[in-house]
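Enquirer: Enclosed is the structure file structure_29.cif (mmCIF, C-alpha atoms).
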```cif
data_entry
loop_
_atom_site.label_atom_id
_atom_site.label_comp_id
_atom_site.auth_asym_id
_atom_site.auth_seq_id
_atom_site.Cartn_x
_atom_site.Cartn_y
_atom_site.Cartn_z
CA MET A 234 0.00 0.00 0.00
CA ARG A 235 1.34 3.38 -0.97
CA ASP A 236 2.03 5.70 1.96
CA ARG A 237 -0.01 8.87 2.09
CA ILE A 238 1.31 12.10 3.52
CA ILE A 239 -1.51 13.59 5.55
CA PHE A 240 0.26 16.69 6.87
CA SER A 241 3.75 18.06 7.03
CA ASN A 242 5.89 18.19 10.12
CA ASN A 243 8.25 21.01 9.21
CA GLN A 244 7.75 22.94 12.47
CA GLN A 245 6.04 25.75 10.53
CA VAL A 246 2.69 27.06 11.73
CA SER A 247 0.12 29.27 10.04
CA ALA A 248 -1.02 32.66 11.27
CA ARG A 249 -4.52 31.25 11.72
CA GLN A 250 -3.26 28.55 14.08
CA ILE A 251 -1.38 31.13 16.14
CA SER A 252 -4.44 33.39 16.19
CA ARG A 253 -6.75 30.67 17.50
CA ALA A 254 -4.24 29.51 20.10
CA LEU A 255 -3.76 33.10 21.28
CA PHE A 256 -7.50 33.57 21.64
CA LEU A 257 -7.87 30.49 23.83
CA GLU A 258 -4.83 31.35 25.95
CA MET A 259 -5.93 34.92 26.63
CA LEU A 260 -9.60 34.06 27.05
CA GLY A 261 -9.02 31.64 29.92
CA ILE A 262 -6.71 33.71 32.10
CA SER A 263 -8.41 37.08 31.47
CA THR A 264 -12.05 36.12 32.01
CA LEU A 265 -11.09 34.12 35.08
CA LEU A 266 -9.01 36.74 36.92
CA LEU A 267 -10.07 40.14 35.61
CA PRO A 268 -13.76 40.34 36.68
CA PRO A 269 -13.28 40.09 40.48
CA ALA A 270 -10.13 42.24 40.41
CA LEU A 271 -11.77 44.94 38.28
CA ALA A 272 -14.90 44.88 40.44
CA ARG A 273 -12.75 45.70 43.49
CA LEU A 274 -10.73 48.40 41.71
CA CYS A 275 -13.12 49.99 39.22
CA GLY A 276 -16.63 48.76 39.96
CA THR A 277 -18.92 49.24 36.97
CA ASP A 278 -16.17 51.20 35.19
CA GLY A 279 -14.21 47.97 34.79
CA VAL A 280 -15.67 47.72 31.28
CA PHE A 281 -13.80 50.88 30.28
CA ALA A 282 -10.62 49.60 31.93
CA ILE A 283 -10.85 46.49 29.73
CA LEU A 284 -11.26 48.64 26.62
CA PHE A 285 -8.39 50.98 27.54
CA GLY A 286 -6.12 48.02 28.34
CA GLY A 287 -6.96 46.46 24.98
CA VAL A 288 -6.19 49.72 23.14
CA LEU A 289 -2.80 50.03 24.85
CA THR A 290 -1.94 46.45 23.92
CA TYR A 291 -3.09 47.07 20.35
CA LEU A 292 -0.81 50.10 20.03
CA LEU A 293 2.12 48.21 21.51
CA SER A 294 1.62 45.41 18.99
CA VAL A 295 2.29 47.89 16.18
CA VAL A 296 5.61 48.92 17.72
CA TRP A 297 6.48 45.31 18.52
CA ASN A 298 5.83 44.16 14.95
CA ARG A 299 7.93 46.99 13.52
CA TYR A 300 11.05 46.11 15.48
CA SER A 301 10.63 42.37 15.93
CA THR A 302 13.28 40.42 14.08
CA ASN A 303 12.92 37.11 12.38
CA VAL A 304 15.48 35.29 14.51
CA LYS A 305 15.27 31.51 14.79
CA GLN A 306 14.76 30.18 18.25
CA ASN A 307 17.71 27.81 18.05
CA ASN A 308 20.25 30.48 17.08
CA THR A 309 22.10 32.87 19.33
CA SER A 310 20.99 36.49 18.96
CA GLU A 311 23.51 38.20 16.73
CA GLN A 312 23.78 41.30 18.87
CA TYR A 313 25.03 39.22 21.80
CA ARG A 314 27.18 36.64 20.06
CA ASN A 315 30.38 38.21 21.44
CA THR A 316 29.00 38.77 24.93
CA LYS A 317 28.53 35.35 26.45
CA VAL A 318 27.85 36.57 29.97
CA LEU A 319 25.06 38.89 28.83
CA GLU A 320 23.66 36.19 26.57
CA CYS A 321 23.49 33.68 29.43
CA ALA A 322 21.94 36.26 31.73
CA ILE A 323 19.19 36.99 29.22
CA LYS A 324 18.48 33.27 28.81
CA ILE A 325 18.20 32.85 32.57
CA VAL A 326 15.79 35.79 32.76
CA TYR A 327 13.61 34.31 30.03
CA ILE A 328 13.62 30.83 31.57
CA SER A 329 12.82 32.11 35.07
CA ALA A 330 10.11 34.50 33.90
CA PHE A 331 8.24 32.04 31.72
CA LEU A 332 8.56 29.29 34.34
CA GLY A 333 7.09 31.63 36.95
CA ILE A 334 4.08 32.40 34.76
CA ALA A 335 3.64 28.73 33.86
CA ALA A 336 3.80 27.71 37.54
CA TYR A 337 1.15 30.24 38.49
CA VAL A 338 -1.12 29.06 35.68
CA MET A 339 -0.65 25.47 36.88
CA TYR A 340 -1.50 26.58 40.42
CA LEU A 341 -4.65 28.27 39.11
CA LEU A 342 -5.65 25.23 37.09
CA THR A 343 -5.03 22.86 40.01
CA THR A 344 -7.08 25.05 42.33
CA LEU A 345 -9.98 25.02 39.90
CA ILE A 346 -9.86 21.25 39.51
CA GLU A 347 -9.80 20.79 43.27
CA GLU A 348 -12.61 23.21 44.05
CA GLN A 349 -14.91 22.28 41.17
CA LEU A 350 -14.27 18.59 40.53
CA LEU A 351 -12.13 16.51 42.89
CA GLY A 352 -11.97 18.23 46.24
CA LYS A 353 -8.95 18.86 48.45
CA SER A 354 -5.85 16.73 49.18
CA TYR A 355 -5.18 15.90 45.52
CA GLU A 356 -2.61 18.61 44.85
CA ALA A 357 0.39 16.39 44.13
CA ILE A 358 -1.53 14.03 41.86
CA ILE A 359 -3.08 16.85 39.85
CA VAL A 360 0.19 18.75 39.50
CA LEU A 361 2.16 15.70 38.37
CA THR A 362 -0.57 14.73 35.91
CA LEU A 363 -0.66 18.23 34.44
CA ALA A 364 3.14 18.37 34.25
CA GLY A 365 3.21 15.04 32.42
CA ALA A 366 0.50 16.16 30.02
CA ALA A 367 2.34 19.43 29.34
CA PHE A 368 5.59 17.55 28.70
CA TRP A 369 3.85 15.18 26.30
CA GLY A 370 2.10 18.08 24.56
CA LEU A 371 5.44 19.70 23.73
CA TRP A 372 7.17 16.48 22.66
CA LYS A 373 6.60 17.15 18.95
CA GLY A 374 7.15 20.89 19.11
CA LEU A 375 5.07 23.93 18.29
CA GLU A 376 3.33 22.65 15.15
CA SER A 377 1.59 19.65 16.67
CA ARG A 378 0.48 21.63 19.72
CA LEU A 379 -1.13 24.40 17.70
CA ARG A 380 -2.84 21.90 15.43
CA VAL A 381 -4.65 20.46 18.45
CA TYR A 382 -5.83 23.91 19.53
CA GLU A 383 -7.04 24.59 16.00
CA ILE A 384 -9.26 21.50 16.20
CA LEU A 385 -10.53 22.34 19.69
CA PHE A 386 -11.25 25.98 18.91
CA TRP A 387 -14.89 25.77 17.85
CA LEU A 388 -15.58 22.90 20.24
CA LEU A 389 -14.80 25.32 23.08
CA VAL A 390 -16.06 28.60 21.67
CA LEU A 391 -19.51 27.50 20.53
CA PRO A 392 -20.61 26.07 23.94
CA LEU A 393 -19.25 29.19 25.64
CA ILE A 394 -21.28 31.47 23.35
CA PHE A 395 -24.39 29.37 24.00
CA ILE A 396 -23.85 29.60 27.78
CA LEU A 397 -23.36 33.37 27.69
CA LEU A 398 -26.49 33.80 25.59
CA ALA A 399 -28.44 31.74 28.12
CA ALA A 400 -27.04 33.89 30.93
CA CYS A 401 -28.30 37.11 29.31
CA SER A 402 -31.84 36.29 30.44
CA GLY A 403 -30.80 36.78 34.09
CA VAL A 404 -28.98 40.10 33.58
CA CYS A 405 -30.31 43.18 35.36
CA THR A 406 -29.08 46.27 33.51
CA ASP A 407 -29.67 48.43 36.59
CA TYR A 408 -26.53 46.86 38.07
CA TRP A 409 -24.45 48.51 35.31
CA THR A 410 -24.72 51.88 37.01
CA PRO A 411 -23.31 54.21 38.27
CA VAL A 412 -20.80 55.03 35.53
CA ALA A 413 -17.63 57.16 35.85
CA ASP A 414 -17.71 56.76 39.61
CA THR A 415 -14.16 55.48 40.15
CA PHE A 416 -11.04 57.24 41.41
CA TRP A 417 -8.49 57.77 38.66
CA GLN A 418 -5.84 55.92 40.63
CA ASN A 419 -7.95 52.77 40.85
CA PHE A 420 -9.04 53.10 37.22
CA GLY A 421 -5.41 53.41 36.17
CA LYS A 422 -4.49 50.29 38.14
CA GLY A 423 -7.36 48.41 36.52
CA THR A 424 -6.28 49.52 33.06
CA LEU A 425 -2.68 48.48 33.69
CA LEU A 426 -3.88 45.14 35.05
CA CYS A 427 -5.82 44.50 31.84
CA PHE A 428 -2.83 45.63 29.79
CA GLY A 429 -0.51 43.30 31.71
CA ILE A 430 -2.68 40.27 31.00
CA PHE A 431 -3.57 41.15 27.41
CA SER A 432 0.06 41.89 26.53
CA LEU A 433 0.89 38.22 26.99
CA SER A 434 -0.57 37.85 23.51
CA LEU A 435 2.39 39.82 22.13
CA LEU A 436 4.70 36.99 23.10
CA ALA A 437 3.40 35.24 19.99
CA PHE A 438 5.94 37.33 18.07
CA ARG A 439 8.61 35.11 19.61
CA SER A 440 7.30 32.41 17.24
CA LYS A 441 7.58 34.68 14.21
CA SER A 442 10.46 32.67 12.74
CA GLN A 443 8.28 29.53 12.80
CA CYS A 444 5.29 31.18 11.15
CA SER A 445 4.85 30.17 7.49
CA HIS A 446 3.67 33.71 6.67
CA PRO A 447 5.30 36.04 9.22
CA GLU A 448 3.87 39.13 7.52
CA GLN A 449 0.39 37.93 8.61
CA LEU A 450 1.32 37.51 12.26
CA LEU A 451 0.49 41.10 13.28
CA ARG A 452 -2.98 40.83 11.77
CA ALA A 453 -3.53 37.48 13.50
CA ALA A 454 -2.44 38.87 16.87
CA ARG A 455 -4.68 41.93 16.44
CA ARG A 456 -7.64 39.76 15.49
CA SER A 457 -7.19 37.59 18.56
CA LEU A 458 -6.71 40.61 20.82
CA CYS A 459 -9.88 42.32 19.57
CA ALA A 460 -11.87 39.11 20.00
CA VAL A 461 -10.57 38.58 23.54
CA VAL A 462 -11.27 42.18 24.57
CA THR A 463 -14.79 41.95 23.14
CA MET A 464 -15.42 38.69 24.97
CA ASN A 465 -14.13 40.16 28.24
CA VAL A 466 -16.46 43.16 27.92
CA ILE A 467 -19.43 40.85 27.32
CA VAL A 468 -18.47 38.57 30.20
CA TYR A 469 -17.95 41.49 32.58
CA LEU A 470 -21.31 43.03 31.72
CA ILE A 471 -23.07 39.70 32.20
CA LEU A 472 -21.35 39.09 35.54
CA LEU A 473 -22.19 42.62 36.70
CA GLY A 474 -25.81 42.14 35.70
CA VAL A 475 -26.08 38.80 37.48
CA PHE A 476 -24.00 39.24 40.65
CA GLN A 477 -23.74 43.04 41.05
CA VAL A 478 -20.48 44.77 42.00
CA GLY A 479 -20.52 43.91 45.70
CA LEU A 480 -20.84 40.16 45.28
CA LEU A 481 -18.69 40.04 42.14
CA SER A 482 -15.74 41.57 44.00
CA HIS A 483 -15.85 38.80 46.63
CA LEU A 484 -16.14 35.79 44.29
CA SER A 485 -12.93 33.95 43.45
CA TYR A 486 -13.95 32.66 40.01
CA PRO A 487 -17.28 34.27 39.08
CA ILE A 488 -17.24 33.02 35.49
CA ILE A 489 -17.30 29.46 36.83
CA ASP A 490 -19.93 30.32 39.45
CA LEU A 491 -22.12 31.68 36.68
CA MET A 492 -23.18 28.12 35.84
CA ALA A 493 -24.82 27.81 39.25
CA VAL A 494 -27.14 30.66 38.23
CA VAL A 495 -27.69 29.90 34.55
CA LYS A 496 -30.13 27.09 33.84
CA LEU A 497 -29.76 25.55 30.43
CA PRO A 498 -32.99 24.64 28.60
CA GLY A 499 -34.23 21.14 29.47
CA ASN A 500 -31.86 20.71 32.45
CA PHE A 501 -30.07 17.98 30.53
CA LEU A 502 -26.84 18.50 32.50
CA GLU A 503 -26.71 17.58 36.16
CA ARG A 504 -23.33 19.29 36.61
CA GLN A 505 -23.50 22.39 34.44
CA ASP A 506 -20.44 23.86 36.16
CA ALA A 507 -18.42 20.91 34.85
CA LEU A 508 -19.12 22.12 31.30
CA MET A 509 -17.79 25.58 32.10
CA MET A 510 -14.85 24.05 33.92
CA GLY A 511 -14.01 21.96 30.85
CA ILE A 512 -13.82 25.06 28.67
CA TRP A 513 -11.51 26.86 31.08
CA PHE A 514 -9.38 23.77 31.60
CA PHE A 515 -8.33 23.65 27.96
CA CYS A 516 -7.88 27.43 27.77
CA LEU A 517 -5.59 27.54 30.81
CA PHE A 518 -3.74 24.44 29.70
CA ALA A 519 -3.06 26.11 26.34
CA LEU A 520 -1.46 29.08 28.13
CA LEU A 521 0.50 26.75 30.41
CA ASN A 522 1.88 24.89 27.41
CA SER A 523 2.89 28.10 25.66
CA MET A 524 4.75 29.45 28.69
CA LEU A 525 6.48 26.11 29.14
CA TYR A 526 7.48 26.13 25.47
CA TYR A 527 8.96 29.63 25.72
CA ALA A 528 10.86 28.60 28.87
CA SER A 529 12.28 25.40 27.38
CA ALA A 530 13.42 27.04 24.11
CA PRO A 531 16.40 28.92 25.69
CA LEU A 532 17.26 25.92 27.85
CA GLU A 533 17.27 23.68 24.79
CA LYS A 534 20.37 25.45 23.49
CA LEU A 535 22.40 24.01 26.37
CA PHE A 536 21.97 20.46 25.07
CA LYS A 537 23.71 19.27 21.94
CA THR A 538 21.64 16.13 21.39
CA LYS A 539 18.00 15.51 22.19
CA GLY A 540 17.81 19.01 23.61
CA ARG A 541 14.07 19.45 23.40
CA PRO A 542 13.00 16.45 25.55
CA ARG A 543 15.60 17.19 28.20
CA ALA A 544 14.89 20.91 28.34
CA THR A 545 11.13 20.35 28.40
CA GLY A 546 11.46 17.71 31.10
CA ILE A 547 13.59 19.93 33.33
CA CYS A 548 11.21 22.87 32.88
CA SER A 549 8.17 20.65 33.56
CA LEU A 550 9.63 19.41 36.85
CA ALA A 551 10.64 22.93 37.90
CA MET A 552 7.18 24.22 37.04
CA ALA A 553 5.53 21.44 39.06
CA ALA A 554 7.75 22.14 42.09
CA MET A 555 6.93 25.86 41.99
CA ALA A 556 3.21 25.16 41.61
CA LEU A 557 3.27 22.91 44.68
CA CYS A 558 4.90 25.71 46.66
CA PHE A 559 2.09 28.04 45.63
CA LEU A 560 -0.56 25.48 46.53
CA TYR A 561 0.73 25.16 50.08
CA SER A 562 0.77 28.95 50.55
CA THR A 563 -1.98 31.11 49.09
CA ASP A 564 -0.13 34.26 50.16
CA ARG A 565 2.86 33.13 48.15
CA ALA A 566 0.63 32.53 45.14
CA GLU A 567 -0.93 35.98 45.46
CA ARG A 568 2.51 37.58 45.63
CA MET A 569 3.52 35.62 42.54
CA PHE A 570 0.50 36.95 40.67
CA GLN A 571 1.43 40.52 41.60
CA ILE A 572 5.05 39.93 40.56
CA CYS A 573 3.99 38.44 37.21
CA VAL A 574 1.59 41.27 36.35
CA TRP A 575 3.59 44.25 37.57
CA PHE A 576 7.18 43.06 37.01
CA VAL A 577 7.66 39.87 34.98
CA VAL A 578 5.44 40.68 31.99
CA PRO A 579 6.77 44.27 31.61
CA LEU A 580 10.32 42.93 31.90
CA LEU A 581 9.69 40.41 29.13
CA LEU A 582 8.21 43.08 26.89
CA ILE A 583 10.98 45.59 27.53
CA LEU A 584 13.77 43.06 27.17
CA SER A 585 12.41 41.71 23.90
CA MET A 586 11.89 45.22 22.53
CA VAL A 587 15.43 46.26 23.47
CA GLN A 588 16.86 43.18 21.75
CA ALA A 589 14.78 43.78 18.64
CA ILE A 590 15.58 47.50 18.40
CA THR A 591 19.30 46.85 18.96
CA ALA A 592 19.31 44.23 16.20
CA CYS A 593 17.56 46.62 13.80
CA LEU A 594 20.01 49.43 14.55
CA LYS A 595 23.05 47.20 14.09
CA GLU A 596 21.65 45.84 10.84
CA ARG A 597 21.10 49.39 9.58
CA ILE A 598 24.66 50.39 10.54
CA ARG A 599 26.04 47.30 8.82
CA GLN A 600 24.18 48.11 5.62
CA GLU A 601 25.40 51.70 5.69
CA GLU A 602 29.00 50.52 6.11
CA LYS A 603 28.63 48.22 3.09
CA GLU A 604 27.36 51.07 0.99
#
```
As structure tokens - that is how I would like this structure written.
Expert:
Amino acid sequence: MRDRIIFSNNQQVSARQISRALFLEMLGISTLLLPPALARLCGTDGVFAILFGGVLTYLLSVVWNRYSTNVKQNNTSEQYRNTKVLECAIKIVYISAFLGIAAYVMYLLTTLIEEQLLGKSYEAIIVLTLAGAAFWGLWKGLESRLRVYEILFWLLVLPLIFILLAACSGVCTDYWTPVADTFWQNFGKGTLLCFGIFSLSLLAFRSKSQCSHPEQLLRAARRSLCAVVTMNVIVYLILLGVFQVGLLSHLSYPIIDLMAVVKLPGNFLERQDALMMGIWFFCLFALLNSMLYYASAPLEKLFKTKGRPRATGICSLAMAAMALCFLYSTDRAERMFQICVWFVVPLLLILSMVQAITACLKERIRQEEKE
């Protein structure tokens, strides 16, 4: 029988695959964490904080795309090839930062599974299972992982849209007022919080060298960002209309608790919250996998043979150990969230921009010298 080639495995991904993966990654973390935080900071004005944060991220994406360079992940950055100490320091920063974000996402996912599905005292089992699944998901690289998300995209989005439409019947629009009743300091914090979470989508430009059409990556990232911001506005308005600001600010995961209020037609699901939990499980796991991939890529350069499995395995174990530390100390987890939003993400953005701008300037100088 003649062999048939079903798909290629050239480690090249399309802009559409990146766009769909970005949407799922940003949807899970933003709709889970932003509503209660914005309710405490901005109240009903949290909708405007979401919009302002999305606009800031959109503008930054333009600058990022202009100066981002098409550098392969497995090559040393040209601007640091003669500075080994600085090169190693930058790798360590990247590895530590992405591992910290991945560990917090694993902590969040484990907490959700415990509270909604299994109950307490299963931390170690859940963490090890998730770490093993994340390791296996990255075994074949970026292409296979994004292909899975492309298949799951509509299987997750369509039920979510149906659930949100069903929740609209219980919305009281009177809870959307008053408007413009927030201190500017709190509104600014809420906007920066939204910007910090949405700007994780810009890390997709780190995969620009593996995109089959890199010129389409900016459009794909913008499309995903606009869709995520729109979905967050809708979710926030629904949660405000159902729970009101006072209760919303005290709920840990209001988007999951929404299923206890919404009754689907026919009552054909005994555990409706499990459906919502399933959607957020895959969204958070997508983000976890991406952060783990970005952490293992610099570490992979340290191994000459079979670098990817070793680097991914080391990062998976380190991520699991950090997640367990967060699970045994909620204060430590909360501090980690603050560090990620206010320090780690800005550091990643600034460091990547500095590298990209430096590379562009050196390339321009080199071309001028040739002329």
Enquirer: Write out as a short mmCIF file (atom, residue, chain, number, x, y, z; two decimals) with C-alpha atoms, in the frame of the given file which residues come within 7 Å of Val404 in chain A when counting all atoms listed in the file, dropping same-chain ones fewer than 6 positions away.
Expert:
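Okay, this is what ended up in selection34.cif:
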```cif
data_model
loop_
_atom_site.label_atom_id
_atom_site.label_comp_id
_atom_site.auth_asym_id
_atom_site.auth_seq_id
_atom_site.Cartn_x
_atom_site.Cartn_y
_atom_site.Cartn_z
CA ILE A 471 -23.07 39.70 32.20
CA GLY A 474 -25.81 42.14 35.70
CA VAL A 475 -26.08 38.80 37.48
#
```
Enquirer: Dump as a ChimeraX atom specification all residues having an atom at most 9 Å from (1.0, 34.4, 33.2), computed in the file's coordinates with all atoms listed in the file.
Expert: /A:262,331,333-338,430,433,520-521,524,570,573-574,577-578
Enquirer: Can I get the selected residues back with C-alpha atoms, as a tab-separated table (two decimals), in the coordinates of the input?
Expert:
```tsv
chain	number	residue	atom	x	y	z
A	262	ILE	CA	-6.71	33.71	32.10
A	331	PHE	CA	8.24	32.04	31.72
A	333	GLY	CA	7.09	31.63	36.95
A	334	ILE	CA	4.08	32.40	34.76
A	335	ALA	CA	3.64	28.73	33.86
A	336	ALA	CA	3.80	27.71	37.54
A	337	TYR	CA	1.15	30.24	38.49
A	338	VAL	CA	-1.12	29.06	35.68
A	430	ILE	CA	-2.68	40.27	31.00
A	433	LEU	CA	0.89	38.22	26.99
A	520	LEU	CA	-1.46	29.08	28.13
A	521	LEU	CA	0.50	26.75	30.41
A	524	MET	CA	4.75	29.45	28.69
A	570	PHE	CA	0.50	36.95	40.67
A	573	CYS	CA	3.99	38.44	37.21
A	574	VAL	CA	1.59	41.27	36.35
A	577	VAL	CA	7.66	39.87	34.98
A	578	VAL	CA	5.44	40.68	31.99
```
Enquirer: Measure the distance from CA of Gln449 in chain A to CA of Leu255 in chain A in Å and round it to one decimal.
Expert: 14.2 Å
Enquirer: Quick one: which residues end up in the PyMOL selection byres ((chain A and resi 421-427) around 12) for this structure, as a count of residues only?
Expert: 56
Enquirer: To one decimal place, how far is CA of Tyr561 in chain A from CA of Leu351 in chain A in Å?
Expert: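 Pair CA of Tyr561 in chain A / CA of Leu351 in chain A returns 17.1 Å.
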Enquirer: Dig up all the protein and nucleic acid residues within 7 Å of (10.8, 16.9, 25.4) in the file frame, using all atoms listed in the file, and format them as a list in words.
Expert: Phe368, Leu371, Trp372, Arg541, Pro542, Arg543, Ala544, Thr545 and Gly546 of chain A
Enquirer: What separation in Å, quoted to one decimal, exists between CA of Leu260 in chain A and CA of Tyr340 in chain A?
Expert: 17.3 Å
Enquirer: Apply the PyMOL selection byres ((chain A and resi 547) around 12) to the structure shown and report the selected residues as a PyMOL selection string.
Expert: chain A and resi 328+332+364-365+367-368+525-526+528-530+532-533+535-536+540-546+548-554
